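Data block for model_23.txt (compact mmCIF, C-alpha atoms (C1' of nucleotides)):
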# COMPACT_ATOMS: atom_id res chain seq x y z
CA MET A 1 115.63 128.19 145.33
CA ASN A 2 112.16 126.73 144.76
CA ILE A 3 110.60 126.45 141.33
CA GLY A 4 108.65 129.68 141.74
CA ASP A 5 111.83 131.64 142.44
CA ALA A 6 113.58 129.98 139.52
CA ALA A 7 110.61 130.87 137.32
CA ARG A 8 110.76 134.52 138.35
CA ALA A 9 114.53 134.62 138.00
CA SER A 10 114.53 133.03 134.54
CA GLY A 11 111.30 134.21 132.97
CA VAL A 12 110.22 130.62 132.35
CA SER A 13 106.94 129.67 134.01
CA ALA A 14 106.95 126.93 136.63
CA LYS A 15 104.68 124.92 134.38
CA MET A 16 107.16 125.11 131.55
CA ILE A 17 110.11 124.29 133.78
CA ARG A 18 108.40 121.04 134.78
CA TYR A 19 107.50 120.37 131.16
CA TYR A 20 111.07 120.93 129.98
CA GLU A 21 112.23 118.56 132.67
CA THR A 22 109.83 115.76 131.73
CA THR A 23 110.73 116.07 128.06
CA GLY A 24 114.42 115.94 128.91
CA LEU A 25 115.25 119.37 127.53
CA ILE A 26 116.78 120.27 130.88
CA PRO A 27 118.18 117.87 133.48
CA ALA A 28 115.95 116.85 136.36
CA ALA A 29 116.26 119.27 139.26
CA ALA A 30 117.53 118.17 142.66
CA ARG A 31 114.82 117.60 145.27
CA THR A 32 114.49 118.68 148.87
CA GLY A 33 113.42 116.21 151.50
CA ALA A 34 109.81 117.16 150.90
CA GLY A 35 110.13 116.55 147.17
CA TYR A 36 110.37 120.20 146.15
CA ARG A 37 112.55 120.93 143.15
CA SER A 38 115.64 122.91 144.07
CA TYR A 39 117.49 125.31 141.78
CA GLY A 40 120.78 127.12 141.91
CA GLU A 41 122.38 129.82 139.79
CA ARG A 42 123.59 127.25 137.29
CA GLU A 43 120.10 125.91 136.67
CA VAL A 44 118.63 129.39 136.36
CA GLN A 45 121.34 130.11 133.79
CA ILE A 46 120.15 127.16 131.71
CA LEU A 47 116.56 128.27 132.01
CA ARG A 48 117.48 131.75 130.87
CA PHE A 49 119.28 130.24 127.89
CA VAL A 50 116.15 128.32 126.95
CA ARG A 51 114.00 131.37 127.46
CA ARG A 52 116.16 133.54 125.26
CA ALA A 53 116.27 130.88 122.55
CA ARG A 54 112.48 130.59 122.65
CA ASP A 55 112.22 134.37 122.37
CA LEU A 56 114.29 134.11 119.22
CA GLY A 57 111.77 131.63 117.89
CA PHE A 58 113.91 128.49 118.01
CA PRO A 59 111.82 125.33 118.20
CA VAL A 60 112.52 123.20 121.23
CA VAL A 61 114.24 120.49 119.18
CA THR A 62 116.80 123.04 118.08
CA ILE A 63 117.20 124.41 121.57
CA ARG A 64 118.14 120.89 122.57
CA GLU A 65 121.00 120.99 120.08
CA LEU A 66 122.00 124.49 121.11
CA LEU A 67 122.16 123.44 124.75
CA ALA A 68 124.34 120.49 123.82
CA LEU A 69 126.71 122.72 121.87
CA TRP A 70 126.73 125.27 124.68
CA GLY A 71 127.95 122.59 127.05
CA ASP A 72 130.49 121.17 124.62
CA ARG A 73 133.81 122.91 125.00
CA ALA A 74 135.04 121.20 121.81
CA ARG A 75 132.16 122.52 119.73
CA HIS A 76 132.64 124.03 116.32
CA SER A 77 131.14 127.46 116.08
CA ALA A 78 130.18 126.61 112.50
CA ASP A 79 127.63 124.14 113.86
CA VAL A 80 126.00 126.82 115.95
CA LYS A 81 125.97 129.20 113.03
CA ARG A 82 124.33 126.62 110.81
CA LEU A 83 121.52 126.09 113.32
CA ALA A 84 121.01 129.82 113.57
CA LEU A 85 121.00 130.41 109.83
CA ASP A 86 118.70 127.46 109.18
CA HIS A 87 116.31 129.03 111.63
CA VAL A 88 116.63 132.38 109.90
CA ASP A 89 115.70 130.64 106.65
CA ALA A 90 112.63 129.11 108.26
CA LEU A 91 111.65 132.49 109.66
CA GLU A 92 112.04 134.11 106.28
CA ARG A 93 109.94 131.49 104.57
CA LYS A 94 107.14 132.09 107.03
CA ILE A 95 107.54 135.83 106.73
CA ASP A 96 107.26 135.60 102.95
CA GLU A 97 104.13 133.47 103.19
CA MET A 98 102.48 135.89 105.57
CA GLN A 99 103.49 138.89 103.52
CA ALA A 100 101.88 137.33 100.47
CA MET A 101 98.69 136.85 102.46
CA ALA A 102 98.79 140.42 103.69
CA VAL A 103 99.38 141.81 100.21
CA THR A 104 96.42 139.89 98.80
CA LEU A 105 94.17 140.96 101.64
CA ARG A 106 95.21 144.58 101.35
CA HIS A 107 94.49 144.57 97.62
CA LEU A 108 91.08 143.04 98.14
CA SER A 109 90.32 145.42 101.00
CA GLU A 110 91.26 148.46 98.97
CA ALA A 111 88.66 147.48 96.41
CA CYS A 112 86.03 147.01 99.12
CA CYS A 113 83.58 149.87 99.33
CA ASP A 114 83.61 149.77 103.13
CA ASP A 115 79.99 150.77 103.78
CA ASP A 116 76.60 149.19 104.38
CA ARG A 117 76.23 147.73 100.91
CA PRO A 118 76.71 143.98 100.65
CA ASP A 119 78.94 143.93 97.57
CA CYS A 120 82.39 142.88 98.62
CA PRO A 121 85.38 141.82 96.55
CA ILE A 122 86.82 140.00 99.54
CA LEU A 123 83.91 137.58 99.78
CA GLU A 124 83.81 137.37 96.01
CA ASP A 125 87.41 136.26 95.99
CA LEU A 126 86.86 133.69 98.72
CA GLY A 127 83.71 132.37 97.10
CA ARG A 128 84.69 132.28 93.49
CA SER A 129 85.00 128.71 92.30
CA ALA A 130 87.25 129.64 89.42
CA GLY A 131 90.29 129.03 91.59
CA ARG A 132 90.14 125.22 91.31
CA GLN A 133 92.38 125.10 94.36
CA GLY A 134 91.76 121.40 94.75
CA ALA A 135 92.53 120.63 91.17
CA LYS A 136 95.74 118.77 91.85
CA ALA A 137 94.06 115.39 92.03
CA ALA A 138 90.82 116.34 90.32
CA GLY A 139 92.29 117.09 86.93
CA PRO A 140 91.24 115.37 83.71
CA ILE A 141 90.53 111.86 84.85
CA MET B 1 79.54 113.01 95.65
CA ASN B 2 81.31 111.16 98.46
CA ILE B 3 83.70 112.83 100.87
CA GLY B 4 86.76 111.81 98.87
CA ASP B 5 85.45 113.48 95.73
CA ALA B 6 84.49 116.57 97.71
CA ALA B 7 87.99 116.61 99.18
CA ARG B 8 89.59 116.44 95.75
CA ALA B 9 87.21 119.02 94.34
CA SER B 10 87.74 121.48 97.19
CA GLY B 11 91.31 120.93 98.24
CA VAL B 12 90.22 120.22 101.81
CA SER B 13 91.22 116.78 103.10
CA ALA B 14 88.48 114.35 104.08
CA LYS B 15 89.84 114.43 107.60
CA MET B 16 89.43 118.18 107.78
CA ILE B 17 85.96 118.10 106.24
CA ARG B 18 84.81 115.81 109.04
CA TYR B 19 86.57 117.99 111.59
CA TYR B 20 84.93 121.16 110.25
CA GLU B 21 81.60 119.40 110.46
CA THR B 22 82.00 118.29 114.07
CA THR B 23 83.10 121.76 115.14
CA GLY B 24 80.12 123.29 113.37
CA LEU B 25 82.14 125.39 110.95
CA ILE B 26 80.21 123.82 108.09
CA PRO B 27 76.73 122.28 108.26
CA ALA B 28 76.47 118.53 108.65
CA ALA B 29 76.45 116.82 105.28
CA ALA B 30 73.49 114.77 104.10
CA ARG B 31 73.94 111.02 104.45
CA THR B 32 73.27 108.15 102.08
CA GLY B 33 71.41 105.09 103.30
CA ALA B 34 74.72 103.50 104.23
CA GLY B 35 75.76 106.52 106.30
CA TYR B 36 78.15 107.99 103.74
CA ARG B 37 78.35 111.78 103.67
CA SER B 38 76.98 113.21 100.44
CA TYR B 39 78.10 116.47 98.85
CA GLY B 40 76.83 118.64 96.03
CA GLU B 41 78.23 121.65 94.22
CA ARG B 42 76.93 123.97 96.92
CA GLU B 43 78.81 122.13 99.66
CA VAL B 44 81.99 121.99 97.63
CA GLN B 45 81.65 125.73 97.12
CA ILE B 46 81.59 126.22 100.88
CA LEU B 47 84.60 123.98 101.31
CA ARG B 48 86.51 125.94 98.71
CA PHE B 49 85.62 129.14 100.53
CA VAL B 50 87.03 127.70 103.75
CA ARG B 51 90.11 126.45 101.96
CA ARG B 52 90.83 129.81 100.38
CA ALA B 53 90.30 131.60 103.67
CA ARG B 54 92.70 129.18 105.38
CA ASP B 55 95.23 129.80 102.64
CA LEU B 56 94.97 133.49 103.46
CA GLY B 57 95.77 132.63 107.06
CA PHE B 58 92.40 133.38 108.61
CA PRO B 59 91.87 131.53 111.87
CA VAL B 60 88.86 129.26 111.88
CA VAL B 61 86.92 131.52 114.26
CA THR B 62 87.13 134.29 111.71
CA ILE B 63 86.21 131.98 108.86
CA ARG B 64 83.07 131.25 110.82
CA GLU B 65 82.20 134.95 110.72
CA LEU B 66 83.16 135.24 107.07
CA LEU B 67 80.91 132.33 106.17
CA ALA B 68 78.04 133.95 108.06
CA LEU B 69 78.56 137.23 106.22
CA TRP B 70 78.88 135.39 102.92
CA GLY B 71 75.48 133.90 103.45
CA ASP B 72 73.89 137.13 104.65
CA ARG B 73 72.49 139.11 101.76
CA ALA B 74 71.96 142.09 104.06
CA ARG B 75 75.60 142.17 105.14
CA HIS B 76 77.58 145.37 105.29
CA SER B 77 80.77 145.13 103.31
CA ALA B 78 82.42 147.24 106.01
CA ASP B 79 82.12 144.29 108.38
CA VAL B 80 83.96 142.05 105.96
CA LYS B 81 86.61 144.66 105.42
CA ARG B 82 87.12 145.05 109.15
CA LEU B 83 87.68 141.30 109.56
CA ALA B 84 90.16 141.34 106.71
CA LEU B 85 92.09 144.34 107.96
CA ASP B 86 92.15 143.04 111.53
CA HIS B 87 93.71 139.91 110.14
CA VAL B 88 96.22 141.94 108.16
CA ASP B 89 97.17 143.67 111.41
CA ALA B 90 97.67 140.35 113.13
CA LEU B 91 99.79 139.14 110.23
CA GLU B 92 101.90 142.26 110.34
CA ARG B 93 102.48 141.98 114.06
CA LYS B 94 103.71 138.42 113.62
CA ILE B 95 105.82 139.43 110.64
CA ASP B 96 107.43 142.21 112.69
CA GLU B 97 108.17 139.82 115.55
CA MET B 98 109.77 137.31 113.24
CA GLN B 99 111.73 139.94 111.40
CA ALA B 100 113.15 141.17 114.70
CA MET B 101 114.21 137.62 115.49
CA ALA B 102 115.79 137.21 112.07
CA VAL B 103 117.65 140.51 112.35
CA THR B 104 119.08 139.58 115.74
CA LEU B 105 120.12 136.16 114.52
CA ARG B 106 121.71 137.51 111.38
CA HIS B 107 123.71 140.03 113.42
CA LEU B 108 124.91 137.37 115.79
CA SER B 109 125.70 135.01 112.92
CA GLU B 110 127.72 137.61 111.09
CA ALA B 111 129.95 137.93 114.12
CA CYS B 112 130.36 134.16 114.34
CA CYS B 113 133.68 132.94 113.01
CA ASP B 114 132.05 129.94 111.35
CA ASP B 115 134.88 127.43 111.77
CA ASP B 116 136.00 124.72 114.15
CA ARG B 117 136.77 127.04 117.03
CA PRO B 118 134.29 126.98 119.91
CA ASP B 119 133.99 130.74 120.43
CA CYS B 120 130.57 131.79 119.32
CA PRO B 121 128.72 135.07 119.86
CA ILE B 122 125.41 133.30 119.32
CA LEU B 123 125.87 131.03 122.32
CA GLU B 124 127.32 133.92 124.26
CA ASP B 125 124.19 135.92 123.64
CA LEU B 126 121.92 133.06 124.62
CA GLY B 127 123.93 132.29 127.71
CA ARG B 128 124.66 135.71 129.04
CA SER B 129 122.76 136.30 132.26
CA ALA B 130 122.95 140.06 131.93
CA GLY B 131 119.60 140.03 130.19
CA ARG B 132 117.58 139.58 133.36
CA GLN B 133 114.70 138.51 131.16
CA GLY B 134 112.74 137.28 134.12
CA ALA B 135 113.24 140.42 136.11
CA LYS B 136 109.65 141.59 135.91
CA ALA B 137 108.70 140.05 139.24
CA ALA B 138 112.19 139.61 140.62
CA GLY B 139 113.04 143.27 140.87
CA PRO B 140 113.73 145.17 144.07
CA ILE B 141 111.34 143.65 146.56
C1' DC C 1 81.37 86.15 95.52
C1' DT C 2 85.73 88.18 95.93
C1' DT C 3 88.75 92.05 95.78
C1' DG C 4 90.11 96.59 96.29
C1' DA C 5 88.96 101.08 97.11
C1' DC C 6 86.19 103.73 99.76
C1' DC C 7 83.65 105.14 103.89
C1' DT C 8 82.50 105.31 109.08
C1' DT C 9 83.83 106.30 114.02
C1' DC C 10 87.23 106.42 117.56
C1' DC C 11 91.67 107.15 119.56
C1' DC C 12 96.23 109.07 119.52
C1' DA C 13 99.94 112.48 118.30
C1' DT C 14 101.74 116.81 117.24
C1' DC C 15 103.87 121.70 119.81
C1' DA C 16 104.21 124.79 123.56
C1' DT C 17 101.47 126.45 126.76
C1' DG C 18 98.00 127.18 130.31
C1' DG C 19 94.09 125.81 133.72
C1' DG C 20 92.61 123.40 137.43
C1' DA C 21 92.01 119.74 141.14
C1' DA C 22 93.54 117.16 145.13
C1' DA C 23 96.93 116.57 148.17
C1' DC C 24 100.96 117.92 150.57
C1' DC C 25 104.42 121.30 152.70
C1' DC C 26 106.30 125.45 154.87
C1' DT C 27 106.21 129.68 157.46
C1' DA C 28 104.18 133.17 160.17
C1' DT C 29 100.89 134.58 163.31
C1' DC C 30 97.93 133.91 167.25
C1' DG D 1 100.28 123.84 169.23
C1' DA D 2 96.75 125.25 165.83
C1' DT D 3 95.45 127.58 161.88
C1' DA D 4 95.78 130.34 157.60
C1' DG D 5 97.89 131.50 153.33
C1' DG D 6 100.70 130.56 149.84
C1' DG D 7 103.89 127.44 147.55
C1' DT D 8 104.61 122.79 145.57
C1' DT D 9 103.63 118.10 143.81
C1' DT D 10 101.37 115.09 140.30
C1' DC D 11 97.71 114.20 137.15
C1' DC D 12 94.32 115.26 133.73
C1' DC D 13 92.43 118.25 130.26
C1' DA D 14 92.40 121.93 126.70
C1' DT D 15 94.05 124.63 123.03
C1' DG D 16 94.27 124.74 116.95
C1' DA D 17 94.67 122.56 112.82
C1' DT D 18 96.20 118.67 111.10
C1' DG D 19 97.64 113.87 110.30
C1' DG D 20 98.02 108.66 111.28
C1' DG D 21 96.01 104.53 112.02
C1' DA D 22 92.83 100.69 113.55
C1' DA D 23 88.52 98.14 113.26
C1' DG D 24 84.67 97.49 110.79
C1' DG D 25 80.98 98.48 107.16
C1' DT D 26 79.94 99.48 101.94
C1' DC D 27 80.16 99.76 97.08
C1' DA D 28 81.36 98.59 92.34
C1' DA D 29 83.84 95.97 89.03
C1' DG D 30 85.31 91.66 87.68
Here is the file; what I need is its structure written in the form of structure tokens.
Amino acid sequence: MNIGDAARASGVSAKMIRYYETTGLIPAAARTGAGYRSYGEREVQILRFVRRARDLGFPVVTIRELLALWGDRARHSADVKRLALDHVDALERKIDEMQAMAVTLRHLSEACCDDDRPDCPILEDLGRSAGRQGAKAAGPI
Amino acid sequence: MNIGDAARASGVSAKMIRYYETTGLIPAAARTGAGYRSYGEREVQILRFVRRARDLGFPVVTIRELLALWGDRARHSADVKRLALDHVDALERKIDEMQAMAVTLRHLSEACCDDDRPDCPILEDLGRSAGRQGAKAAGPI
DNA sequence: CTTGACCTTCCCATCATGGGAAACCCTATC
DNA sequence: GATAGGGTTTCCCATGATGGGAAGGTCAAG
């Protein structure tokens, strides 16, 4: 199987397969006489694993650990679970941040008259200097 | 005011101020005889605007539009509102994606025995080839 | 005049991904 | 056997927003 077939079979683009190989996430593929990378079912399996983990939002560093555990028959499932739950925590932190942004923006938008007049609470919020966002180091000197 | 003071007063790092200047997001600062960038209240105000917009998750391209509207006394508030609500939509799409990931991972983790045995539904999910994730182009030829 | 803090530009790195060029290879058709 | 088309290789560059750091110039206080 050439890289294009492996890409189609795994859902990982050929570009990314090469990238994963150079960064050591996946082992280097065997080569044909002409230098083409060659893949079998086993390799496609690994690529699918990576693809699925990416779809679940795991960063590549964590996928590296997951792959290692996957290949370790003496693994402790608790280690896998910890990686998964740590990632869930990270996801939830980001979700909370974004929800806070969305709530603020919805509030401001509700108060916006939404017509051809220039008055706009959104711009007023962004432009008001009262926030003193940068005050951490600019406090009373 | 030098760039360091402007950074402290606005909450935008000196590095980012220079970056915003080179990308044209903010106008080039005036220079002292020695070539130092010089900032006044007006410029700090702009930087705070950018900072607040970044905190609300707006991408820089959109901040560019927001800044233009901010400076346009003939603006229509509806245009601002549209930018804000489009961004809320984008946030919500990402939130939904991440929540789906978190839900899947929590389900899998609940089923994980969480001890020193190797059996793990998380790895089983990642490794199962039944998914055929890459099947879009690999279907019946 | 020295010292330390500040400023300048320039380059590099992140993270995961894509685009594109130049060269090479393989297969099918003529 | 020649040619065309599509696949593959490596290499370089770009993204977006941010930080790190080096080499060198500047300013203000002592």
Next item on the list: For Ala28 in chain B, please output as a PyMOL selection string all residues within 12 Å (counting all atoms listed in the file; exclusion window: fewer than 4 positions along the same chain).
Entry: chain B and resi 17-24+36-39+43
Margin query: Residues of chain B within 6 Å of chain A, counting all atoms listed in the file, what are they? List them as a list in words.
Written below: Arg8, Ala9, Ser10, Gly11, Phe49, Arg52, Leu56, Arg75, His76, Ser77, Ala78, Lys81, Val88, Ile95, Met101, Ala102, Ser109, Asp114, Asp115, Asp116, Arg117, Pro118, Cys120, Leu126, Gly127, Gln133, Gly134, Ala137 and Ala138 of chain B
Save out the residues we just selected, C-alpha atoms, as a compact mmCIF listing (two decimals), keeping the file's coordinate frame.
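Result saved to again-v7.txt:
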# COMPACT_ATOMS: atom_id res chain seq x y z
CA ARG B 8 89.59 116.44 95.75
CA ALA B 9 87.21 119.02 94.34
CA SER B 10 87.74 121.48 97.19
CA GLY B 11 91.31 120.93 98.24
CA PHE B 49 85.62 129.14 100.53
CA ARG B 52 90.83 129.81 100.38
CA LEU B 56 94.97 133.49 103.46
CA ARG B 75 75.60 142.17 105.14
CA HIS B 76 77.58 145.37 105.29
CA SER B 77 80.77 145.13 103.31
CA ALA B 78 82.42 147.24 106.01
CA LYS B 81 86.61 144.66 105.42
CA VAL B 88 96.22 141.94 108.16
CA ILE B 95 105.82 139.43 110.64
CA MET B 101 114.21 137.62 115.49
CA ALA B 102 115.79 137.21 112.07
CA SER B 109 125.70 135.01 112.92
CA ASP B 114 132.05 129.94 111.35
CA ASP B 115 134.88 127.43 111.77
CA ASP B 116 136.00 124.72 114.15
CA ARG B 117 136.77 127.04 117.03
CA PRO B 118 134.29 126.98 119.91
CA CYS B 120 130.57 131.79 119.32
CA LEU B 126 121.92 133.06 124.62
CA GLY B 127 123.93 132.29 127.71
CA GLN B 133 114.70 138.51 131.16
CA GLY B 134 112.74 137.28 134.12
CA ALA B 137 108.70 140.05 139.24
CA ALA B 138 112.19 139.61 140.62
Item checked: Residue list for chain C near chain A as number ranges by chain, 9 Å, all atoms listed in the file -> C: 15-18, 24-25
Next item on the list: Could you list, as a list of chain:residue names, the residues of chain D having an atom within 10 Å of chain B when counting all atoms listed in the file?
Entry: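 So the contacting residues turn out to be D:DG16, D:DA17, D:DT18, D:DG19, D:DG25, D:DT26, D:DC27.
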Now that the selection is made, can you save its residues with C-alpha atoms (C1' of nucleotides) as a PDB file, in the frame of the given file?
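Final output, selection04.pdb:
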ATOM      1  C1'  DG D  16      94.270 124.740 116.950  1.00  0.00           C
ATOM      2  C1'  DA D  17      94.670 122.560 112.820  1.00  0.00           C
ATOM      3  C1'  DT D  18      96.200 118.670 111.100  1.00  0.00           C
ATOM      4  C1'  DG D  19      97.640 113.870 110.300  1.00  0.00           C
ATOM      5  C1'  DG D  25      80.980  98.480 107.160  1.00  0.00           C
ATOM      6  C1'  DT D  26      79.940  99.480 101.940  1.00  0.00           C
ATOM      7  C1'  DC D  27      80.160  99.760  97.080  1.00  0.00           C
TER       8       DC D  27
END
Note to self: One decimal, in Å: what's the spacing between C1' of DT3 in chain C and CA of Ala14 in chain B?
What the structure shows: 23.8 Å
Produce the centre coordinates and the three edge lengths, each in Å to one decimal, of the box along x, y and z that contains all listed atoms of range 8-13 of chain D with 3 Å added on each side, as JSON.
{"center_x": 98.5, "center_y": 118.5, "center_z": 137.9, "size_x": 18.2, "size_y": 14.6, "size_z": 21.3}
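C1' of DG21 in chain D is found 14.8 Å from C1' of DC7 in chain C.
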Student task, range 14-27 of chain D output with N, CA and C atoms (P, O5', C5', C4', C3', O3' and C1' of nucleotides) as a tab-separated table (two decimals), in the first residue's frame:
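Just written: part.tsv:
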chain	number	residue	atom	x	y	z
D	14	DA	P	7.05	32.51	3.62
D	14	DA	O5'	5.62	32.05	4.14
D	14	DA	C5'	4.54	31.99	3.22
D	14	DA	C4'	3.33	31.48	3.97
D	14	DA	C3'	3.13	32.18	5.31
D	14	DA	O3'	2.00	33.05	5.23
D	14	DA	C1'	2.86	29.79	5.47
D	15	DT	P	1.80	34.03	6.49
D	15	DT	O5'	0.69	33.22	7.30
D	15	DT	C5'	-0.45	32.71	6.61
D	15	DT	C4'	-1.12	31.67	7.46
D	15	DT	C3'	-1.51	32.17	8.84
D	15	DT	O3'	-2.89	32.45	8.83
D	15	DT	C1'	-0.58	29.94	8.88
D	16	DG	P	-3.44	33.81	9.32
D	16	DG	O5'	-4.04	33.53	10.76
D	16	DG	C5'	-3.75	32.33	11.48
D	16	DG	C4'	-3.96	32.60	12.95
D	16	DG	C3'	-3.72	34.04	13.39
D	16	DG	O3'	-4.41	34.24	14.60
D	16	DG	C1'	-1.93	32.71	14.13
D	17	DA	P	-4.65	35.70	15.09
D	17	DA	O5'	-3.75	35.73	16.41
D	17	DA	C5'	-4.11	34.87	17.47
D	17	DA	C4'	-2.95	34.69	18.41
D	17	DA	C3'	-2.39	35.99	18.99
D	17	DA	O3'	-2.49	35.90	20.39
D	17	DA	C1'	-0.66	34.56	18.24
D	18	DT	P	-2.08	37.07	21.32
D	18	DT	O5'	-0.63	36.64	21.75
D	18	DT	C5'	-0.48	35.40	22.44
D	18	DT	C4'	0.92	34.91	22.40
D	18	DT	C3'	1.99	35.84	22.95
D	18	DT	O3'	2.02	35.70	24.37
D	18	DT	C1'	2.76	34.39	21.19
D	19	DG	P	3.04	36.51	25.20
D	19	DG	O5'	4.39	35.67	25.09
D	19	DG	C5'	4.43	34.36	25.60
D	19	DG	C4'	5.75	33.73	25.24
D	19	DG	C3'	6.95	34.49	25.78
D	19	DG	O3'	7.69	33.63	26.64
D	19	DG	C1'	7.26	33.93	23.49
D	20	DG	P	8.82	34.20	27.51
D	20	DG	O5'	10.15	33.73	26.73
D	20	DG	C5'	10.16	32.47	26.09
D	20	DG	C4'	11.54	32.23	25.50
D	20	DG	C3'	12.63	33.05	26.17
D	20	DG	O3'	13.76	32.24	26.40
D	20	DG	C1'	12.55	33.54	23.84
D	21	DG	P	14.96	32.73	27.26
D	21	DG	O5'	15.99	33.26	26.17
D	21	DG	C5'	16.29	32.45	25.05
D	21	DG	C4'	17.08	33.24	24.04
D	21	DG	C3'	18.07	34.23	24.66
D	21	DG	O3'	19.32	34.07	24.03
D	21	DG	C1'	16.79	35.27	22.99
D	22	DA	P	20.61	34.59	24.78
D	22	DA	O5'	21.51	35.04	23.55
D	22	DA	C5'	21.30	34.44	22.27
D	22	DA	C4'	21.71	35.41	21.17
D	22	DA	C3'	22.81	36.37	21.58
D	22	DA	O3'	23.73	36.52	20.52
D	22	DA	C1'	20.94	37.59	20.84
D	23	DA	P	25.18	37.09	20.83
D	23	DA	O5'	25.17	38.48	20.02
D	23	DA	C5'	24.61	38.52	18.71
D	23	DA	C4'	24.53	39.96	18.25
D	23	DA	C3'	25.60	40.87	18.86
D	23	DA	O3'	26.00	41.82	17.89
D	23	DA	C1'	23.48	41.68	19.44
D	24	DG	P	27.21	42.77	18.19
D	24	DG	O5'	26.51	44.20	18.37
D	24	DG	C5'	25.73	44.72	17.30
D	24	DG	C4'	24.86	45.82	17.83
D	24	DG	C3'	25.60	46.96	18.55
D	24	DG	O3'	25.27	48.19	17.93
D	24	DG	C1'	23.69	46.29	19.75
D	25	DG	P	26.04	49.51	18.33
D	25	DG	O5'	24.85	50.47	18.78
D	25	DG	C5'	23.82	50.79	17.84
D	25	DG	C4'	22.68	51.44	18.58
D	25	DG	C3'	23.04	52.72	19.32
D	25	DG	O3'	22.01	53.67	19.14
D	25	DG	C1'	22.07	51.19	20.80
D	26	DT	P	22.21	55.13	19.76
D	26	DT	O5'	21.37	55.05	21.11
D	26	DT	C5'	19.96	54.87	21.04
D	26	DT	C4'	19.34	55.12	22.40
D	26	DT	C3'	19.79	56.40	23.11
D	26	DT	O3'	18.64	57.00	23.66
D	26	DT	C1'	20.04	54.56	24.53
D	27	DC	P	18.63	58.57	23.95
D	27	DC	O5'	17.98	58.62	25.40
D	27	DC	C5'	17.03	57.62	25.77
D	27	DC	C4'	17.09	57.37	27.27
D	27	DC	C3'	17.50	58.59	28.09
D	27	DC	O3'	16.59	58.71	29.16
D	27	DC	C1'	18.77	56.73	28.70
